[in-house]
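**Q** Structure file start.pdb (PDB, C-alpha atoms, pLDDT in the B column) right here:
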ATOM      1  CA  MET A   1      70.953  36.860 -44.786  1.00 61.00           C
ATOM      2  CA  THR A   2      74.173  36.691 -46.620  1.00 74.00           C
ATOM      3  CA  LYS A   3      75.688  33.513 -47.756  1.00 78.00           C
ATOM      4  CA  LYS A   4      79.083  32.551 -46.273  1.00 79.00           C
ATOM      5  CA  LYS A   5      81.899  32.465 -48.699  1.00 80.00           C
ATOM      6  CA  LYS A   6      83.461  29.027 -49.083  1.00 85.00           C
ATOM      7  CA  LEU A   7      87.186  28.889 -48.468  1.00 81.00           C
ATOM      8  CA  THR A   8      89.529  26.542 -50.183  1.00 86.00           C
ATOM      9  CA  LEU A   9      92.092  24.580 -48.255  1.00 84.00           C
ATOM     10  CA  GLN A  10      94.898  26.775 -49.520  1.00 84.00           C
ATOM     11  CA  GLN A  11      93.088  29.935 -48.373  1.00 84.00           C
ATOM     12  CA  MET A  12      92.535  28.445 -44.918  1.00 82.00           C
ATOM     13  CA  LEU A  13      96.207  27.508 -44.640  1.00 77.00           C
ATOM     14  CA  LEU A  14      97.314  30.974 -45.709  1.00 80.00           C
ATOM     15  CA  ARG A  15      94.956  32.610 -43.213  1.00 80.00           C
ATOM     16  CA  ASP A  16      96.226  30.454 -40.329  1.00 76.00           C
ATOM     17  CA  ALA A  17      99.896  30.598 -41.345  1.00 75.00           C
ATOM     18  CA  GLY A  18     102.185  31.701 -38.537  1.00 71.00           C
ATOM     19  CA  LYS A  19      99.629  31.321 -35.761  1.00 74.00           C
ATOM     20  CA  GLY A  20     101.058  29.456 -32.818  1.00 70.00           C
ATOM     21  CA  LEU A  21     104.632  30.170 -33.838  1.00 70.00           C
ATOM     22  CA  GLU A  22     104.944  33.393 -31.820  1.00 70.00           C
ATOM     23  CA  ASN A  23     106.718  31.615 -28.970  1.00 71.00           C
ATOM     24  CA  PHE A  24     108.611  29.183 -31.165  1.00 70.00           C
ATOM     25  CA  ASN A  25     112.061  30.582 -30.306  1.00 75.00           C
ATOM     26  CA  LYS A  26     111.418  30.747 -26.539  1.00 77.00           C
ATOM     27  CA  VAL A  27     112.346  27.931 -24.186  1.00 78.00           C
ATOM     28  CA  PHE A  28     109.699  26.729 -21.745  1.00 76.00           C
ATOM     29  CA  LYS A  29     111.007  24.875 -18.723  1.00 82.00           C
ATOM     30  CA  THR A  30     108.635  22.500 -16.999  1.00 80.00           C
ATOM     31  CA  ASN A  31     109.272  21.407 -13.454  1.00 85.00           C
ATOM     32  CA  VAL A  32     108.902  17.634 -13.492  1.00 81.00           C
ATOM     33  CA  PHE A  33     108.566  17.435  -9.712  1.00 86.00           C
ATOM     34  CA  LYS A  34     105.726  19.959  -9.763  1.00 89.00           C
ATOM     35  CA  ARG A  35     103.923  17.887 -12.395  1.00 86.00           C
ATOM     36  CA  ALA A  36     104.527  14.712 -10.408  1.00 84.00           C
ATOM     37  CA  SER A  37     103.124  16.227  -7.210  1.00 88.00           C
ATOM     38  CA  LYS A  38      99.783  16.807  -8.971  1.00 91.00           C
ATOM     39  CA  ILE A  39      99.297  13.081  -9.704  1.00 90.00           C
ATOM     40  CA  LYS A  40      96.387  11.616  -7.731  1.00 93.00           C
ATOM     41  CA  THR A  41      95.470   8.359  -9.530  1.00 92.00           C
ATOM     42  CA  TRP A  42      97.301   5.474 -11.170  1.00 88.00           C
ATOM     43  CA  ASN A  43      95.908   6.453 -14.576  1.00 91.00           C
ATOM     44  CA  MET A  44      97.470   9.901 -14.218  1.00 90.00           C
ATOM     45  CA  PHE A  45     100.752   8.215 -13.225  1.00 86.00           C
ATOM     46  CA  ILE A  46     100.713   5.955 -16.280  1.00 84.00           C
ATOM     47  CA  HIS A  47      99.910   8.913 -18.542  1.00 87.00           C
ATOM     48  CA  LEU A  48     102.844  10.938 -17.136  1.00 84.00           C
ATOM     49  CA  VAL A  49     105.223   7.990 -17.418  1.00 84.00           C
ATOM     50  CA  GLU A  50     104.233   7.452 -21.055  1.00 85.00           C
ATOM     51  CA  GLN A  51     104.843  11.143 -21.788  1.00 85.00           C
ATOM     52  CA  GLU A  52     108.325  10.884 -20.274  1.00 83.00           C
ATOM     53  CA  ASN A  53     109.072   7.686 -22.277  1.00 88.00           C
ATOM     54  CA  ILE A  54     109.535   5.520 -19.200  1.00 86.00           C
ATOM     55  CA  SER A  55     107.934   2.124 -18.853  1.00 84.00           C
ATOM     56  CA  PRO A  56     105.942   1.510 -15.659  1.00 77.00           C
ATOM     57  CA  ALA A  57     108.391  -1.242 -14.688  1.00 84.00           C
ATOM     58  CA  GLU A  58     111.332   1.176 -14.925  1.00 88.00           C
ATOM     59  CA  ALA A  59     109.452   3.778 -12.885  1.00 84.00           C
ATOM     60  CA  LEU A  60     108.678   1.302 -10.113  1.00 84.00           C
ATOM     61  CA  THR A  61     112.279   0.078 -10.119  1.00 89.00           C
ATOM     62  CA  ILE A  62     113.465   3.660  -9.623  1.00 86.00           C
ATOM     63  CA  ILE A  63     110.981   4.174  -6.784  1.00 83.00           C
ATOM     64  CA  LEU A  64     112.020   0.987  -4.978  1.00 82.00           C
ATOM     65  CA  LYS A  65     115.733   1.802  -5.324  1.00 84.00           C
ATOM     66  CA  HIS A  66     115.051   5.200  -3.767  1.00 81.00           C
ATOM     67  CA  LEU A  67     113.107   3.598  -0.921  1.00 75.00           C
ATOM     68  CA  GLN A  68     115.922   1.166  -0.183  1.00 75.00           C
ATOM     69  CA  LYS A  69     118.561   3.911  -0.072  1.00 77.00           C
ATOM     70  CA  SER A  70     116.561   6.166   2.241  1.00 76.00           C
ATOM     71  CA  THR A  71     116.027   4.551   5.635  1.00 74.00           C
ATOM     72  CA  VAL A  72     113.378   7.095   6.624  1.00 76.00           C
ATOM     73  CA  ALA A  73     111.318   6.377   3.509  1.00 75.00           C
ATOM     74  CA  TRP A  74     111.829   2.609   3.906  1.00 76.00           C
ATOM     75  CA  ASN A  75     110.599   2.722   7.507  1.00 77.00           C
ATOM     76  CA  LYS A  76     107.637   4.922   6.631  1.00 76.00           C
ATOM     77  CA  TYR A  77     106.367   3.222   3.479  1.00 74.00           C
ATOM     78  CA  LYS A  78     107.639  -0.349   3.554  1.00 75.00           C
ATOM     79  CA  ILE A  79     107.601  -1.213   7.253  1.00 82.00           C
ATOM     80  CA  ALA A  80     105.041   1.042   8.986  1.00 80.00           C
ATOM     81  CA  ARG A  81     102.368   0.888   6.270  1.00 80.00           C
ATOM     82  CA  ASP A  82     102.743  -2.798   5.449  1.00 79.00           C
ATOM     83  CA  PRO A  83      99.947  -4.843   7.059  1.00 82.00           C
ATOM     84  CA  ASP A  84     102.203  -7.914   7.212  1.00 85.00           C
ATOM     85  CA  GLN A  85     104.650  -6.071   9.498  1.00 83.00           C
ATOM     86  CA  THR A  86     102.139  -4.915  12.135  1.00 85.00           C
ATOM     87  CA  GLY A  87     102.840  -7.879  14.408  1.00 88.00           C
ATOM     88  CA  ALA A  88     106.590  -7.308  14.303  1.00 89.00           C
ATOM     89  CA  ILE A  89     106.208  -3.595  15.027  1.00 88.00           C
ATOM     90  CA  MET A  90     103.826  -4.219  17.924  1.00 90.00           C
ATOM     91  CA  MET A  91     106.303  -6.738  19.386  1.00 90.00           C
ATOM     92  CA  LEU A  92     109.121  -4.192  19.044  1.00 89.00           C
ATOM     93  CA  LEU A  93     107.080  -1.500  20.799  1.00 89.00           C
ATOM     94  CA  ASP A  94     106.147  -3.990  23.523  1.00 91.00           C
ATOM     95  CA  TRP A  95     109.809  -4.895  24.042  1.00 90.00           C
ATOM     96  CA  GLN A  96     110.658  -1.206  24.197  1.00 89.00           C
ATOM     97  CA  GLN A  97     108.055  -0.664  26.905  1.00 88.00           C
ATOM     98  CA  LYS A  98     109.355  -3.602  28.946  1.00 89.00           C
ATOM     99  CA  MET A  99     113.101  -3.035  28.785  1.00 88.00           C
ATOM    100  CA  GLY A 100     113.615   0.511  27.462  1.00 88.00           C
ATOM    101  CA  ALA A 101     115.024   1.759  24.189  1.00 88.00           C
ATOM    102  CA  ARG A 102     118.702   1.676  25.245  1.00 90.00           C
ATOM    103  CA  LYS A 103     118.692  -2.000  26.271  1.00 91.00           C
ATOM    104  CA  LEU A 104     116.569  -2.938  23.271  1.00 91.00           C
ATOM    105  CA  TYR A 105     119.075  -1.295  20.902  1.00 91.00           C
ATOM    106  CA  ASP A 106     121.801  -3.729  22.018  1.00 90.00           C
ATOM    107  CA  HIS A 107     119.509  -6.754  22.453  1.00 89.00           C
ATOM    108  CA  LYS A 108     119.011  -9.730  20.132  1.00 90.00           C
ATOM    109  CA  TYR A 109     115.310  -8.817  19.796  1.00 89.00           C
ATOM    110  CA  LEU A 110     116.245  -5.891  17.585  1.00 89.00           C
ATOM    111  CA  LYS A 111     118.312  -8.199  15.372  1.00 90.00           C
ATOM    112  CA  ASP A 112     115.273 -10.456  15.031  1.00 89.00           C
ATOM    113  CA  PHE A 113     113.150  -7.445  14.093  1.00 88.00           C
ATOM    114  CA  CYS A 114     115.754  -6.450  11.476  1.00 88.00           C
ATOM    115  CA  THR A 115     115.641  -9.878   9.844  1.00 89.00           C
ATOM    116  CA  TRP A 116     111.822  -9.936   9.817  1.00 88.00           C
ATOM    117  CA  THR A 117     111.263  -6.478   8.350  1.00 86.00           C
ATOM    118  CA  GLY A 118     114.472  -5.398   6.623  1.00 83.00           C
ATOM    119  CA  TYR A 119     115.029  -2.602   9.151  1.00 84.00           C
ATOM    120  CA  LYS A 120     118.520  -1.060   9.068  1.00 82.00           C
ATOM    121  CA  ARG A 121     120.186   0.094  12.276  1.00 83.00           C
ATOM    122  CA  LYS A 122     122.023   3.390  11.874  1.00 84.00           C
ATOM    123  CA  GLY A 123     122.556   4.692  15.399  1.00 88.00           C
ATOM    124  CA  TYR A 124     120.851   4.996  18.739  1.00 90.00           C
ATOM    125  CA  SER A 125     119.339   8.447  18.113  1.00 89.00           C
ATOM    126  CA  ARG A 126     118.064   7.293  14.713  1.00 87.00           C
ATOM    127  CA  PHE A 127     116.597   4.210  16.410  1.00 88.00           C
ATOM    128  CA  GLN A 128     114.718   6.411  18.892  1.00 89.00           C
ATOM    129  CA  ASP A 129     113.317   8.482  16.023  1.00 88.00           C
ATOM    130  CA  ASP A 130     112.225   5.301  14.245  1.00 87.00           C
ATOM    131  CA  LEU A 131     110.455   4.043  17.365  1.00 88.00           C
ATOM    132  CA  THR A 132     108.579   7.337  17.494  1.00 86.00           C
ATOM    133  CA  THR A 133     107.672   6.973  13.808  1.00 84.00           C
ATOM    134  CA  PHE A 134     106.324   3.463  14.380  1.00 86.00           C
ATOM    135  CA  ARG A 135     104.398   4.591  17.460  1.00 87.00           C
ATOM    136  CA  ASP A 136     102.839   7.493  15.534  1.00 84.00           C
ATOM    137  CA  ALA A 137     101.898   5.194  12.647  1.00 81.00           C
ATOM    138  CA  PHE A 138      99.756   3.123  15.017  1.00 80.00           C
ATOM    139  CA  GLY A 139      98.447   6.091  16.982  1.00 82.00           C
ATOM    140  CA  LEU A 140     100.148   4.996  20.196  1.00 79.00           C
ATOM    141  CA  LYS A 141     101.433   7.689  22.500  1.00 75.00           C
ATOM    142  CA  ARG A 142     103.727   7.373  25.467  1.00 68.00           C
ATOM    143  CA  LYS A 143     102.183   7.727  28.880  1.00 67.00           C
ATOM    144  CA  LYS A 144     103.312  10.996  30.397  1.00 67.00           C
ATOM    145  CA  LYS A 145     103.248  11.730  34.083  1.00 66.00           C
ATOM    146  CA  ARG A 146     101.627  14.909  35.256  1.00 66.00           C
ATOM    147  CA  VAL A 147     104.240  16.470  37.478  1.00 64.00           C
ATOM    148  CA  PRO A 148     103.363  19.775  39.101  1.00 63.00           C
ATOM    149  CA  TYR A 149     106.525  21.827  38.773  1.00 65.00           C
ATOM    150  CA  TYR A 150     105.239  24.935  40.438  1.00 61.00           C
ATOM    151  CA  LYS A 151     102.995  23.833  43.231  1.00 60.00           C
ATOM    152  CA  GLU A 152     102.145  26.465  45.780  1.00 62.00           C
ATOM    153  CA  LYS A 153     103.039  25.428  49.273  1.00 62.00           C
ATOM    154  CA  GLU A 154     101.695  26.974  52.413  1.00 64.00           C
ATOM    155  CA  PHE A 155     104.265  27.825  55.012  1.00 62.00           C
ATOM    156  CA  LYS A 156     103.444  28.032  58.695  1.00 64.00           C
ATOM    157  CA  ILE A 157     104.925  31.031  60.375  1.00 65.00           C
TER
END
Please rewrite the model in this file as structure tokens.
**A**
Amino acid sequence: MTKKKKLTLQQMLLRDAGKGLENFNKVFKTNVFKRASKIKTWNMFIHLVEQENISPAEALTIILKHLQKSTVAWNKYKIARDPDQTGAIMMLLDWQQKMGARKLYDHKYLKDFCTWTGYKRKGYSRFQDDLTTFRDAFGLKRKKKRVPYYKEKEFKI
């Protein structure tokens, strides 16, 4: 059994000098969106925000501004997933079943729904897509008729 030789601090520094500096001149690009997509918990979110030198309040302000600009995101996250808005959405879907989407688009009921939830009307086709989004969020499907297109008929000769 041989005794290990004691190293001084200067010897250790000389031995490790230059290690880790091989890639010093290279640029490493990190995709921020890829890093953000891996976040699963609030603690991971706070850790990422602190690394990027953003306060949590600033981050949430940015998120809410984005949600307000995008009507699809606003409808999906703020209206459809909000438990306070379920009554308003169910009333809208009920009105749509009673009078149809075209009449509802021009009716005062839709204006009431807009004031309750903050929904923004863009156009009729967008409104139809939003109704489908709301219906899917609650798991409601439209009733479809079974129409036999190709029914064999017997002819008497």
**Q** Residues at most 9 Å from A:Lys78, counting all atoms listed in the file, excluding those fewer than 6 positions away in the same chain, as a list in words?
**A**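 Using all atoms listed in the file, the neighbours found are Leu67, Gln85 and Thr117 of chain A.
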**Q** Take the PyMOL selection byres ((chain A and resi 92-95) around 9), apply it to the structure above, and return the hits as a PyMOL selection string.
**A** chain A and resi 87-91+96-101+104+109-110+113+131+134-135
**Q** If you keep C-alpha atoms, can you produce a file of those selected residues as a PDB file, keeping the file's coordinate frame?
**A**
ATOM      1  CA  GLY A  87     102.840  -7.879  14.408  1.00 88.00           C
ATOM      2  CA  ALA A  88     106.590  -7.308  14.303  1.00 89.00           C
ATOM      3  CA  ILE A  89     106.208  -3.595  15.027  1.00 88.00           C
ATOM      4  CA  MET A  90     103.826  -4.219  17.924  1.00 90.00           C
ATOM      5  CA  MET A  91     106.303  -6.738  19.386  1.00 90.00           C
ATOM      6  CA  GLN A  96     110.658  -1.206  24.197  1.00 89.00           C
ATOM      7  CA  GLN A  97     108.055  -0.664  26.905  1.00 88.00           C
ATOM      8  CA  LYS A  98     109.355  -3.602  28.946  1.00 89.00           C
ATOM      9  CA  MET A  99     113.101  -3.035  28.785  1.00 88.00           C
ATOM     10  CA  GLY A 100     113.615   0.511  27.462  1.00 88.00           C
ATOM     11  CA  ALA A 101     115.024   1.759  24.189  1.00 88.00           C
ATOM     12  CA  LEU A 104     116.569  -2.938  23.271  1.00 91.00           C
ATOM     13  CA  TYR A 109     115.310  -8.817  19.796  1.00 89.00           C
ATOM     14  CA  LEU A 110     116.245  -5.891  17.585  1.00 89.00           C
ATOM     15  CA  PHE A 113     113.150  -7.445  14.093  1.00 88.00           C
ATOM     16  CA  LEU A 131     110.455   4.043  17.365  1.00 88.00           C
ATOM     17  CA  PHE A 134     106.324   3.463  14.380  1.00 86.00           C
ATOM     18  CA  ARG A 135     104.398   4.591  17.460  1.00 87.00           C
TER      19      ARG A 135
END
**Q** My list of candidates is A:Trp42, A:Trp116, A:Arg15, A:Pro56. Which is closest to A:Thr86 when distances are computed with only C-alpha atoms?
**A**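 Nearest to A:Thr86: A:Trp116.
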**Q** What's the separation between atom CA of A:Asn31 and atom CA of A:Phe45, in Å to one decimal place?
**A** 15.7 Å
**Q** One decimal, in Å: what's the spacing between atom CA of A:Thr71 and atom CA of A:Arg121?
**A** 9.0 Å
**Q** In Å to one decimal, how far is atom CA of A:Val72 from atom CA of A:Asp129?
**A**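 It comes out at 9.5 Å.
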**Q** First collect every listed atom of stretch 16-19 of chain A; then fit an axis-aligned box around them, widen it by 4 Å on each side, and give centre and edge lengths in Å to one decimal, as JSON.
**A**
{"center_x": 99.2, "center_y": 31.1, "center_z": -38.6, "size_x": 14.0, "size_y": 9.2, "size_z": 13.6}
